[in-house]
file my_file.cif (mmCIF, C-alpha atoms)
data_entry
#
loop_
_atom_site.label_atom_id
_atom_site.label_comp_id
_atom_site.auth_asym_id
_atom_site.auth_seq_id
_atom_site.Cartn_x
_atom_site.Cartn_y
_atom_site.Cartn_z
CA MET A 1 8.74 130.31 -80.42
CA ASP A 2 10.48 127.48 -82.37
CA ASP A 3 10.71 127.21 -86.14
CA ARG A 4 7.96 124.69 -86.79
CA GLN A 5 4.46 125.56 -88.05
CA ILE A 6 2.80 127.28 -85.08
CA SER A 7 -0.84 127.02 -83.99
CA PRO A 8 -3.27 130.01 -83.77
CA ASP A 9 -2.87 130.14 -79.97
CA GLU A 10 0.92 130.10 -80.30
CA ALA A 11 0.71 132.85 -82.94
CA ARG A 12 -1.43 134.96 -80.59
CA ILE A 13 1.01 134.49 -77.71
CA GLU A 14 3.90 135.38 -80.00
CA ARG A 15 2.17 138.59 -81.08
CA GLU A 16 1.59 139.48 -77.43
CA ALA A 17 5.22 138.70 -76.66
CA ILE A 18 6.38 140.97 -79.50
CA ALA A 19 4.10 143.72 -78.23
CA TRP A 20 5.50 143.44 -74.71
CA PHE A 21 9.07 143.19 -76.01
CA THR A 22 8.51 146.37 -78.02
CA ARG A 23 6.91 148.20 -75.09
CA MET A 24 9.39 147.08 -72.43
CA ASN A 25 12.38 148.04 -74.59
CA GLY A 26 10.99 151.53 -74.99
CA LYS A 27 10.01 153.67 -72.02
CA PRO A 28 7.58 151.54 -70.02
CA SER A 29 5.42 153.22 -67.43
CA HIS A 30 4.93 151.98 -63.91
CA GLN A 31 1.60 150.48 -65.00
CA ASP A 32 3.32 148.82 -67.96
CA ASN A 33 5.70 147.13 -65.55
CA LEU A 34 2.82 145.89 -63.40
CA ASP A 35 0.82 144.64 -66.38
CA PHE A 36 3.88 142.95 -67.88
CA HIS A 37 4.59 141.18 -64.59
CA ASP A 38 0.98 139.93 -64.52
CA TRP A 39 1.20 138.75 -68.16
CA ILE A 40 4.42 136.82 -67.50
CA ALA A 41 3.01 135.26 -64.31
CA ALA A 42 -0.15 134.12 -66.10
CA SER A 43 1.57 131.30 -68.06
CA SER A 44 4.97 129.72 -68.49
CA LEU A 45 4.30 129.93 -72.23
CA HIS A 46 4.30 133.73 -71.97
CA LYS A 47 7.76 133.79 -70.37
CA GLN A 48 9.12 131.34 -72.95
CA ALA A 49 7.62 133.32 -75.85
CA PHE A 50 9.07 136.57 -74.54
CA GLU A 51 12.54 135.03 -74.22
CA ASP A 52 12.27 133.51 -77.70
CA VAL A 53 11.35 136.87 -79.22
CA GLY A 54 14.35 138.43 -77.49
CA GLY A 55 16.59 135.71 -78.88
CA LEU A 56 15.23 136.11 -82.39
CA TRP A 57 15.61 139.86 -82.19
CA SER A 58 19.24 139.48 -81.14
CA GLU A 59 19.86 137.21 -84.14
CA LEU A 60 18.52 139.99 -86.37
CA GLY A 61 21.38 142.15 -85.11
CA ALA A 62 18.99 144.86 -83.95
CA SER A 63 19.74 147.04 -80.95
CA GLY A 64 16.11 147.22 -79.93
CA PRO A 65 12.60 147.44 -81.38
CA GLU A 66 10.71 150.61 -81.92
CA ARG A 67 8.12 151.51 -79.31
CA GLY A 68 4.53 150.63 -80.12
CA THR A 69 1.73 148.22 -79.33
CA SER A 70 -0.73 148.43 -82.22
CA ASP A 71 -0.90 145.97 -85.09
CA GLY A 72 0.66 148.59 -87.29
CA ASP A 73 3.54 149.05 -84.88
CA LEU A 74 4.08 145.27 -84.78
CA ALA A 75 4.17 144.83 -88.54
CA LEU A 76 7.90 145.44 -88.88
CA PRO A 77 9.08 143.15 -86.03
CA LEU A 78 6.59 140.47 -87.09
CA GLU A 79 7.87 140.59 -90.67
CA LYS A 80 11.50 140.47 -89.54
CA ILE A 81 10.84 137.50 -87.28
CA ARG A 82 8.92 135.72 -90.07
CA GLN A 83 11.86 136.23 -92.43
CA LEU A 84 14.30 134.95 -89.81
CA ARG A 85 12.12 131.89 -89.18
CA GLU A 86 12.08 131.09 -92.92
CA LYS A 87 15.85 131.56 -93.15
CA ARG A 88 16.43 129.23 -90.21
CA ALA A 89 14.01 126.67 -91.68
CA ARG A 90 15.90 126.72 -94.96
CA GLY A 91 19.17 126.28 -93.10
CA ARG A 92 17.71 123.40 -91.13
CA ALA A 93 16.47 121.77 -94.35
CA GLY A 94 19.92 122.18 -95.87
CA ALA A 95 21.51 120.64 -92.81
CA PHE A 96 19.02 117.76 -92.99
CA VAL A 97 19.83 117.11 -96.65
CA THR A 98 23.55 117.32 -95.90
CA GLY A 99 23.12 114.90 -93.01
CA CYS A 100 21.23 112.46 -95.23
CA LEU A 101 23.98 112.62 -97.84
CA VAL A 102 26.62 111.98 -95.18
CA LEU A 103 24.65 108.99 -93.86
CA LEU A 104 24.16 107.69 -97.41
CA LEU A 105 27.85 107.96 -98.17
CA ALA A 106 28.77 106.38 -94.85
CA GLY A 107 26.29 103.56 -95.46
CA SER A 108 27.62 103.04 -98.98
CA TRP A 109 31.18 102.94 -97.66
CA ALA A 110 30.24 100.39 -94.99
CA TRP A 111 28.31 98.24 -97.50
CA LEU A 112 31.21 98.32 -99.98
CA GLU A 113 34.25 98.17 -97.71
CA HIS A 114 33.03 96.73 -94.39
CA PRO A 115 29.69 94.92 -94.90
CA HIS A 116 30.23 92.86 -91.72
CA LEU A 117 31.47 95.68 -89.49
CA LEU A 118 29.06 95.02 -86.61
CA GLN A 119 29.68 91.28 -86.76
CA ASP A 120 33.44 91.82 -86.73
CA MET A 121 33.08 93.91 -83.57
CA GLN A 122 31.56 90.86 -81.85
CA ALA A 123 34.29 88.49 -83.01
CA ASP A 124 37.58 87.57 -81.37
CA PHE A 125 39.28 86.56 -84.62
CA VAL A 126 38.64 88.05 -88.08
CA SER A 127 40.38 87.45 -91.39
CA PRO A 128 40.27 90.22 -94.00
CA ARG A 129 39.11 89.80 -97.57
CA GLY A 130 41.59 88.07 -99.80
CA ASP A 131 43.71 86.77 -96.94
CA ARG A 132 43.55 83.54 -94.93
CA ARG A 133 44.80 83.79 -91.37
CA LYS A 134 46.12 81.27 -88.83
CA PHE A 135 45.39 81.78 -85.14
CA ALA A 136 46.55 80.00 -81.99
CA LEU A 137 43.91 79.75 -79.24
CA SER A 138 44.76 80.04 -75.57
CA ASP A 139 44.27 76.27 -75.05
CA GLY A 140 46.92 75.43 -77.65
CA SER A 141 44.46 74.65 -80.46
CA HIS A 142 44.97 76.21 -83.90
CA VAL A 143 42.49 77.66 -86.37
CA LEU A 144 42.87 78.48 -90.05
CA LEU A 145 40.27 81.08 -91.06
CA ASP A 146 39.32 81.50 -94.69
CA ALA A 147 39.30 85.01 -96.12
CA ASP A 148 36.48 87.25 -94.82
CA SER A 149 35.59 84.91 -91.96
CA ALA A 150 34.91 85.62 -88.28
CA LEU A 151 35.11 83.56 -85.10
CA ASP A 152 33.99 84.20 -81.52
CA VAL A 153 35.84 82.26 -78.81
CA ALA A 154 35.02 81.46 -75.17
CA ILE A 155 37.49 79.14 -73.42
CA SER A 156 37.27 78.09 -69.78
CA ALA A 157 38.56 75.22 -67.68
CA SER A 158 35.31 73.29 -68.07
CA GLU A 159 34.43 73.97 -71.73
CA ARG A 160 35.96 75.37 -74.89
CA ARG A 161 33.30 76.84 -77.17
CA VAL A 162 33.80 78.78 -80.37
CA LYS A 163 31.19 80.20 -82.71
CA LEU A 164 31.75 80.56 -86.44
CA LEU A 165 29.99 83.81 -87.31
CA ARG A 166 30.66 83.58 -91.04
CA GLY A 167 32.93 81.94 -93.58
CA ASN A 168 35.05 78.81 -93.27
CA ALA A 169 37.36 77.53 -90.56
CA PHE A 170 39.66 74.56 -90.11
CA PHE A 171 40.40 73.40 -86.55
CA ARG A 172 43.33 71.44 -85.15
CA ILE A 173 42.42 70.70 -81.56
CA SER A 174 44.72 70.43 -78.56
CA HIS A 175 43.63 67.82 -76.01
CA THR A 176 43.11 69.35 -72.56
CA GLY A 177 40.33 67.16 -71.18
CA ALA A 178 37.72 69.92 -71.64
CA PRO A 179 35.13 69.56 -74.44
CA PHE A 180 35.79 71.62 -77.57
CA ILE A 181 32.57 72.68 -79.32
CA VAL A 182 32.20 74.61 -82.56
CA GLU A 183 28.82 76.30 -83.01
CA ALA A 184 27.48 77.63 -86.31
CA ALA A 185 23.96 78.58 -87.39
CA GLY A 186 22.04 76.63 -84.78
CA GLY A 187 24.17 73.47 -84.82
CA GLU A 188 27.37 72.35 -83.22
CA ALA A 189 30.29 69.98 -83.66
CA LYS A 190 31.71 68.42 -80.51
CA VAL A 191 35.32 67.36 -80.76
CA LEU A 192 36.25 63.85 -79.74
CA GLY A 193 39.90 64.33 -80.81
CA THR A 194 40.10 65.63 -84.34
CA GLU A 195 40.97 67.88 -87.28
CA PHE A 196 37.93 69.17 -89.14
CA ASP A 197 36.46 71.83 -91.37
CA VAL A 198 33.30 73.93 -90.80
CA SER A 199 31.82 75.91 -93.68
CA LEU A 200 28.98 78.39 -93.10
CA LYS A 201 27.27 79.30 -96.37
CA GLU A 202 25.22 82.35 -97.28
CA ASP A 203 21.89 80.51 -96.91
CA ARG A 204 22.85 79.52 -93.33
CA GLN A 205 23.58 75.95 -94.41
CA VAL A 206 26.61 74.43 -92.69
CA THR A 207 28.92 71.66 -93.91
CA VAL A 208 31.18 69.86 -91.42
CA THR A 209 33.97 67.70 -92.87
CA LEU A 210 36.21 65.46 -90.76
CA ALA A 211 39.88 64.97 -91.66
CA GLU A 212 41.17 63.08 -88.64
CA GLY A 213 39.80 61.69 -85.38
CA SER A 214 36.14 61.59 -84.43
CA LEU A 215 33.46 64.27 -84.38
CA GLN A 216 29.91 64.49 -83.01
CA VAL A 217 27.63 66.84 -84.95
CA GLY A 218 24.08 67.83 -84.05
CA MET A 219 21.47 70.57 -83.92
CA ILE A 220 21.37 72.52 -80.67
CA GLY A 221 18.44 71.40 -78.50
CA ALA A 222 17.18 68.87 -81.06
CA GLY A 223 18.63 65.69 -79.51
CA GLN A 224 19.72 64.55 -82.95
CA ASP A 225 23.43 63.76 -83.34
CA VAL A 226 25.69 61.86 -85.70
CA ILE A 227 29.28 60.65 -85.30
CA LEU A 228 31.62 61.36 -88.20
CA LYS A 229 34.58 59.24 -89.17
CA PRO A 230 37.58 60.56 -91.13
CA GLY A 231 36.63 61.30 -94.73
CA GLU A 232 32.95 61.90 -93.91
CA SER A 233 30.89 65.07 -93.91
CA VAL A 234 27.40 66.16 -92.92
CA ASP A 235 25.25 69.17 -93.78
CA TYR A 236 22.76 70.85 -91.51
CA GLY A 237 20.45 73.85 -91.58
CA SER A 238 16.82 74.81 -91.10
CA ALA A 239 15.72 71.32 -92.21
CA GLY A 240 17.97 69.60 -89.65
CA LEU A 241 20.79 67.15 -90.25
CA SER A 242 21.37 65.55 -93.64
CA PRO A 243 22.56 61.95 -93.99
CA ILE A 244 26.29 61.41 -93.57
CA LYS A 245 28.15 61.32 -96.87
CA GLN A 246 31.61 60.36 -98.03
CA ALA A 247 33.76 63.39 -98.72
CA ILE A 248 36.90 64.01 -100.71
CA THR A 249 38.66 65.98 -97.99
CA GLU A 250 41.23 67.38 -100.40
CA ASP A 251 38.39 68.97 -102.39
CA GLU A 252 36.39 70.14 -99.36
CA MET A 253 39.49 71.73 -97.84
CA ALA A 254 41.02 73.07 -101.05
CA TRP A 255 40.42 76.61 -99.80
CA HIS A 256 43.33 76.03 -97.39
CA ASP A 257 45.58 76.40 -100.45
CA GLY A 258 43.60 79.13 -102.21
CA ARG A 259 41.44 76.99 -104.48
CA TYR A 260 37.72 76.29 -104.46
CA ILE A 261 36.46 72.94 -105.70
CA PHE A 262 32.70 72.51 -105.79
CA THR A 263 30.18 70.00 -107.12
CA ASN A 264 26.52 70.80 -107.72
CA ALA A 265 26.83 73.93 -105.58
CA ARG A 266 24.50 76.93 -105.56
CA LEU A 267 25.83 79.74 -107.72
CA ALA A 268 25.09 82.15 -104.87
CA ASP A 269 27.37 80.20 -102.53
CA VAL A 270 30.14 80.00 -105.13
CA LEU A 271 29.98 83.75 -105.77
CA ALA A 272 30.03 84.40 -102.02
CA GLN A 273 33.24 82.38 -101.75
CA VAL A 274 34.78 84.29 -104.67
CA GLU A 275 33.77 87.58 -103.02
CA ARG A 276 35.83 86.69 -99.94
CA TYR A 277 38.92 87.15 -102.11
CA ARG A 278 37.75 90.16 -104.09
CA THR A 279 37.89 93.90 -103.45
CA GLY A 280 34.40 95.42 -103.46
CA ARG A 281 31.10 93.59 -103.66
CA ILE A 282 29.39 91.08 -105.96
CA VAL A 283 25.66 91.75 -106.36
CA LEU A 284 23.53 88.87 -107.65
CA LEU A 285 20.25 89.87 -109.33
CA GLY A 286 17.51 87.26 -109.54
CA SER A 287 16.62 84.40 -107.21
CA SER A 288 16.46 81.84 -110.02
CA ILE A 289 20.07 82.33 -111.06
CA ALA A 290 21.12 82.30 -107.40
CA GLU A 291 19.89 78.70 -107.13
CA PHE A 292 21.58 77.59 -110.35
CA ARG A 293 23.78 74.54 -109.69
CA VAL A 294 27.40 74.58 -110.83
CA SER A 295 30.54 72.45 -110.55
CA GLY A 296 34.12 73.54 -111.02
CA ASN A 297 37.63 74.11 -109.75
CA ILE A 298 38.80 77.73 -109.54
CA ALA A 299 41.79 79.60 -108.16
CA LEU A 300 40.78 82.22 -105.62
CA HIS A 301 43.82 84.47 -106.06
CA ASP A 302 42.51 85.69 -109.45
CA THR A 303 38.83 86.48 -108.96
CA ASP A 304 38.40 88.07 -112.40
CA LYS A 305 39.47 84.82 -114.03
CA ALA A 306 37.25 82.86 -111.63
CA LEU A 307 34.22 84.98 -112.55
CA ALA A 308 34.99 84.61 -116.25
CA ALA A 309 35.13 80.80 -115.86
CA LEU A 310 31.77 80.80 -114.06
CA GLN A 311 30.29 83.10 -116.70
CA SER A 312 31.34 80.79 -119.53
CA SER A 313 29.82 77.85 -117.66
CA VAL A 314 26.53 79.43 -116.59
CA GLY A 315 26.07 82.14 -119.19
CA PHE A 316 25.12 85.01 -116.88
CA ARG A 317 25.74 88.69 -117.58
CA LEU A 318 28.65 90.34 -115.82
CA ASN A 319 28.91 94.12 -115.42
CA SER A 320 31.29 96.13 -113.26
CA PHE A 321 30.54 99.56 -111.84
CA GLY A 322 33.65 100.67 -110.01
CA ARG A 323 34.11 98.24 -107.16
CA VAL A 324 30.64 96.73 -107.53
CA THR A 325 30.25 93.70 -109.83
CA VAL A 326 26.70 92.88 -110.90
CA VAL A 327 25.76 89.32 -111.95
CA SER A 328 22.40 89.02 -113.72
CA PRO A 329 20.57 86.52 -115.98
#

call {"tool": "encode", "arguments": {"input": "my_file.cif", "output": "structure tokens"}}
result
Amino acid sequence: MDDRQISPDEARIEREAIAWFTRMNGKPSHQDNLDFHDWIAASSLHKQAFEDVGGLWSELGASGPERGTSDGDLALPLEKIRQLREKRARGRAGAFVTGCLVLLLAGSWAWLEHPHLLQDMQADFVSPRGDRRKFALSDGSHVLLDADSALDVAISASERRVKLLRGNAFFRISHTGAPFIVEAAGGEAKVLGTEFDVSLKEDRQVTVTLAEGSLQVGMIGAGQDVILKPGESVDYGSAGLSPIKQAITEDEMAWHDGRYIFTNARLADVLAQVERYRTGRIVLLGSSIAEFRVSGNIALHDTDKALAALQSSVGFRLNSFGRVTVVSP
């Protein structure tokens, strides 16, 4: 039988199996052989129980049980099998605890070192934390990815479509005659000959800023589009498209040079941008402080100094535990 809690019927069958195992490993008579054959043939559970008892007995290191069929004769093998079952259960519990610890450590490692591991596996281009990367696409277009950003690309003769999975990206498009579309969080920007910036924030809000050319931005399937001119930007998200606004492109695209300039931004979004350049994780405690609005100009190459500047401005608490930095009210 297995090592779980057994039912009364299973216990009875096991006792019968032990009795037959004891008898058949002694000097069985001709009638014993006939009766044993009938007992085995009566149920597949009997055969399985008999084989299990044999396996357990082998694990005990015994050469064979003593002959006997009474309850008294079965006391010793029953006790030995009970002890073995308890030993195996303890071992299984230890293995379970060990497995849980391994999973916990693996999960902690993934959360700390590779929080976007599955997303990165879906992406064609990924930039690591703390490092911006430039990529050339197969159509001749170029992309600058901000640190800790990911992009999925599908280019064909009829359409060029990329999807920003997270982070920020700047596109310089090569003209091939095929549409170039950048998708992010349920919206898309269709290139009409341009250089532009797409920023996907932690709350799934997207900001598209146009540097040169012309750009059509809209929500997928909504039939609502706007045309941007150079120096304009538009936000979109769950509430749809915002009105077009004038943008200071040098500020919006300051991350190209390792700076982050923000005006009336959510603290959560600012900390997420800082985290892209920082080893470990930043944990923000409290929804109210996450929505706190801040403005500033910080260098991303020194995240400790950036956090200190934000702390002096907002007044939050800052505690570090190894590679985890906790921000709280």

call {"tool": "residues_around", "arguments": {"input": "my_file.cif", "residues": "Ile220 (chain A)", "least_positions_apart": "5", "cutoff": "7 Å", "atoms": "all atoms listed in the file", "output": "PDB file with C-alpha atoms, keeping the file's coordinate frame"}}
result
ATOM      1  CA  GLY A 186      22.040  76.630 -84.780  1.00  0.00           C
ATOM      2  CA  GLY A 187      24.170  73.470 -84.820  1.00  0.00           C
ATOM      3  CA  GLU A 188      27.370  72.350 -83.220  1.00  0.00           C
TER       4      GLU A 188
END

call {"tool": "closest_residue", "arguments": {"input": "my_file.cif", "among": "A:Ser288, A:Gln31, A:Gln216, A:Ser43", "to": "Arg266 (chain A)", "atoms": "all atoms listed in the file"}}
result
A:Ser288

call {"tool": "closest_residue", "arguments": {"input": "my_file.cif", "among": "A:Met121, A:Val208, A:Leu137, A:Val143", "to": "Ser156 (chain A)", "atoms": "all atoms listed in the file"}}
result
A:Leu137

call {"tool": "closest_residue", "arguments": {"input": "my_file.cif", "among": "A:Ser158, A:Asn33, A:Ser199, A:Asn264", "to": "Asn297 (chain A)", "atoms": "all atoms listed in the file"}}
result
A:Asn264

call {"tool": "residues_near_point", "arguments": {"input": "my_file.cif", "point": "(42.5, 85.0, -98.7)", "cutoff": "10 Å", "atoms": "all atoms listed in the file", "output": "list in words"}}
result
Ser127, Pro128, Arg129, Gly130, Asp131, Arg132, Arg133, Leu145, Asp146, Ala147, Asp148, Ser149, Trp255, His256, Asp257, Gly258, Arg259, Val274, Arg276, Tyr277, Arg278, Leu300 and His301 of chain A

call {"tool": "atom_distance", "arguments": {"input": "my_file.cif", "atom1": "CA of Arg323 (chain A)", "atom2": "CA of Leu200 (chain A)"}}
result
24.9 Å

call {"tool": "residues_near_point", "arguments": {"input": "my_file.cif", "point": "(27.8, 62.6, -92.3)", "cutoff": "8 Å", "atoms": "all atoms listed in the file", "output": "list in words"}}
result
Val226, Ile227, Leu228, Glu232, Ser233, Val234, Asp235, Ser242, Pro243, Ile244, Lys245 and Gln246 of chain A

call {"tool": "residues_around", "arguments": {"input": "my_file.cif", "residues": "region 176-183 of chain A", "least_positions_apart": "3", "cutoff": "12 Å", "atoms": "only C-alpha atoms", "output": "PyMOL selection string"}}
result
chain A and resi 137-141+143+151-166+168-173+186-200+206-208+215-220+236

call {"tool": "closest_residue", "arguments": {"input": "my_file.cif", "among": "A:Ala247, A:Ala308, A:Leu241, A:Leu210", "to": "Asp225 (chain A)", "atoms": "all atoms listed in the file"}}
result
A:Leu241

call {"tool": "atom_distance", "arguments": {"input": "my_file.cif", "atom1": "CA of Val270 (chain A)", "atom2": "CA of Val126 (chain A)"}}
result
20.7 Å

call {"tool": "atom_distance", "arguments": {"input": "my_file.cif", "atom1": "CA of Ala123 (chain A)", "atom2": "CA of Ser174 (chain A)"}}
result
21.3 Å

call {"tool": "closest_residue", "arguments": {"input": "my_file.cif", "among": "A:Ser214, A:Leu310, A:Phe36, A:Arg281", "to": "Met24 (chain A)", "atoms": "only C-alpha atoms"}}
result
A:Phe36

call {"tool": "resolve_selection", "arguments": {"input": "my_file.cif", "expression": "the PyMOL selection byres ((chain A and resi 295) around 6)", "output": "list in words"}}
result
Phe262, Thr263, Asn264, Val294 and Gly296 of chain A

call {"tool": "closest_residue", "arguments": {"input": "my_file.cif", "among": "A:Ile248, A:Leu271, A:Ser312, A:Pro329", "to": "Gly286 (chain A)", "atoms": "all atoms listed in the file"}}
result
A:Pro329

call {"tool": "decode", "arguments": {"input": "my_file.cif", "residues": "region 268-278 of chain A", "atoms": "all heavy atoms", "output": "tab-separated table (two decimals), in the first residue's frame"}}
result
chain	number	residue	atom	x	y	z
A	268	ALA	N	5.21	56.91	-8.20
A	268	ALA	CA	5.40	55.51	-8.58
A	268	ALA	C	6.07	55.39	-9.94
A	268	ALA	O	6.95	54.53	-10.14
A	268	ALA	CB	4.04	54.78	-8.60
A	269	ASP	N	5.70	56.24	-10.89
A	269	ASP	CA	6.31	56.20	-12.22
A	269	ASP	C	7.76	56.67	-12.17
A	269	ASP	O	8.62	56.14	-12.88
A	269	ASP	CB	5.51	57.05	-13.20
A	269	ASP	CG	4.14	56.46	-13.51
A	269	ASP	OD1	4.02	55.22	-13.48
A	269	ASP	OD2	3.21	57.23	-13.77
A	270	VAL	N	8.04	57.68	-11.36
A	270	VAL	CA	9.40	58.18	-11.24
A	270	VAL	C	10.30	57.11	-10.62
A	270	VAL	O	11.42	56.85	-11.10
A	270	VAL	CB	9.44	59.47	-10.40
A	270	VAL	CG1	10.88	59.92	-10.18
A	270	VAL	CG2	8.63	60.57	-11.08
A	271	LEU	N	9.82	56.45	-9.57
A	271	LEU	CA	10.61	55.40	-8.93
A	271	LEU	C	10.82	54.22	-9.87
A	271	LEU	O	11.88	53.59	-9.86
A	271	LEU	CB	9.92	54.93	-7.64
A	271	LEU	CG	9.89	55.94	-6.49
A	271	LEU	CD1	9.08	55.40	-5.33
A	271	LEU	CD2	11.31	56.29	-6.04
A	272	ALA	N	9.82	53.92	-10.70
A	272	ALA	CA	9.97	52.84	-11.67
A	272	ALA	C	11.07	53.16	-12.67
A	272	ALA	O	11.83	52.28	-13.09
A	272	ALA	CB	8.64	52.59	-12.39
A	273	GLN	N	11.15	54.42	-13.08
A	273	GLN	CA	12.21	54.84	-14.01
A	273	GLN	C	13.58	54.75	-13.34
A	273	GLN	O	14.55	54.30	-13.95
A	273	GLN	CB	11.94	56.26	-14.51
A	273	GLN	CG	12.97	56.79	-15.48
A	273	GLN	CD	13.01	56.04	-16.81
A	273	GLN	OE1	12.13	55.24	-17.09
A	273	GLN	NE2	14.02	56.30	-17.60
A	274	VAL	N	13.66	55.17	-12.08
A	274	VAL	CA	14.92	55.07	-11.34
A	274	VAL	C	15.33	53.60	-11.21
A	274	VAL	O	16.51	53.25	-11.36
A	274	VAL	CB	14.79	55.73	-9.95
A	274	VAL	CG1	16.03	55.45	-9.10
A	274	VAL	CG2	14.57	57.23	-10.09
A	275	GLU	N	14.36	52.72	-10.96
A	275	GLU	CA	14.66	51.30	-10.77
A	275	GLU	C	15.27	50.67	-12.02
A	275	GLU	O	16.03	49.71	-11.93
A	275	GLU	CB	13.38	50.55	-10.38
A	275	GLU	CG	13.62	49.10	-9.99
A	275	GLU	CD	12.34	48.36	-9.67
A	275	GLU	OE1	11.42	48.37	-10.53
A	275	GLU	OE2	12.23	47.77	-8.58
A	276	ARG	N	14.95	51.21	-13.19
A	276	ARG	CA	15.53	50.67	-14.42
A	276	ARG	C	17.06	50.77	-14.42
A	276	ARG	O	17.73	50.02	-15.13
A	276	ARG	CB	14.99	51.43	-15.64
A	276	ARG	CG	13.51	51.31	-15.85
A	276	ARG	CD	13.07	51.96	-17.15
A	276	ARG	NE	11.63	52.10	-17.18
A	276	ARG	CZ	10.79	51.10	-17.42
A	276	ARG	NH1	11.28	49.89	-17.65
A	276	ARG	NH2	9.49	51.29	-17.41
A	277	TYR	N	17.58	51.69	-13.63
A	277	TYR	CA	19.03	51.93	-13.60
A	277	TYR	C	19.65	51.46	-12.30
A	277	TYR	O	20.80	51.78	-12.02
A	277	TYR	CB	19.31	53.41	-13.82
A	277	TYR	CG	19.04	53.86	-15.24
A	277	TYR	CD1	17.74	54.15	-15.66
A	277	TYR	CD2	20.08	53.95	-16.16
A	277	TYR	CE1	17.49	54.53	-16.98
A	277	TYR	CE2	19.83	54.34	-17.48
A	277	TYR	CZ	18.53	54.62	-17.88
A	277	TYR	OH	18.29	54.99	-19.17
A	278	ARG	N	18.92	50.69	-11.52
A	278	ARG	CA	19.38	50.34	-10.19
A	278	ARG	C	19.44	48.83	-10.03
A	278	ARG	O	18.55	48.10	-10.48
A	278	ARG	CB	18.43	50.94	-9.15
A	278	ARG	CG	18.88	50.75	-7.69
A	278	ARG	CD	17.92	51.49	-6.77
A	278	ARG	NE	18.29	51.36	-5.38
A	278	ARG	CZ	19.20	52.08	-4.77
A	278	ARG	NH1	19.86	53.00	-5.45
A	278	ARG	NH2	19.46	51.92	-3.49
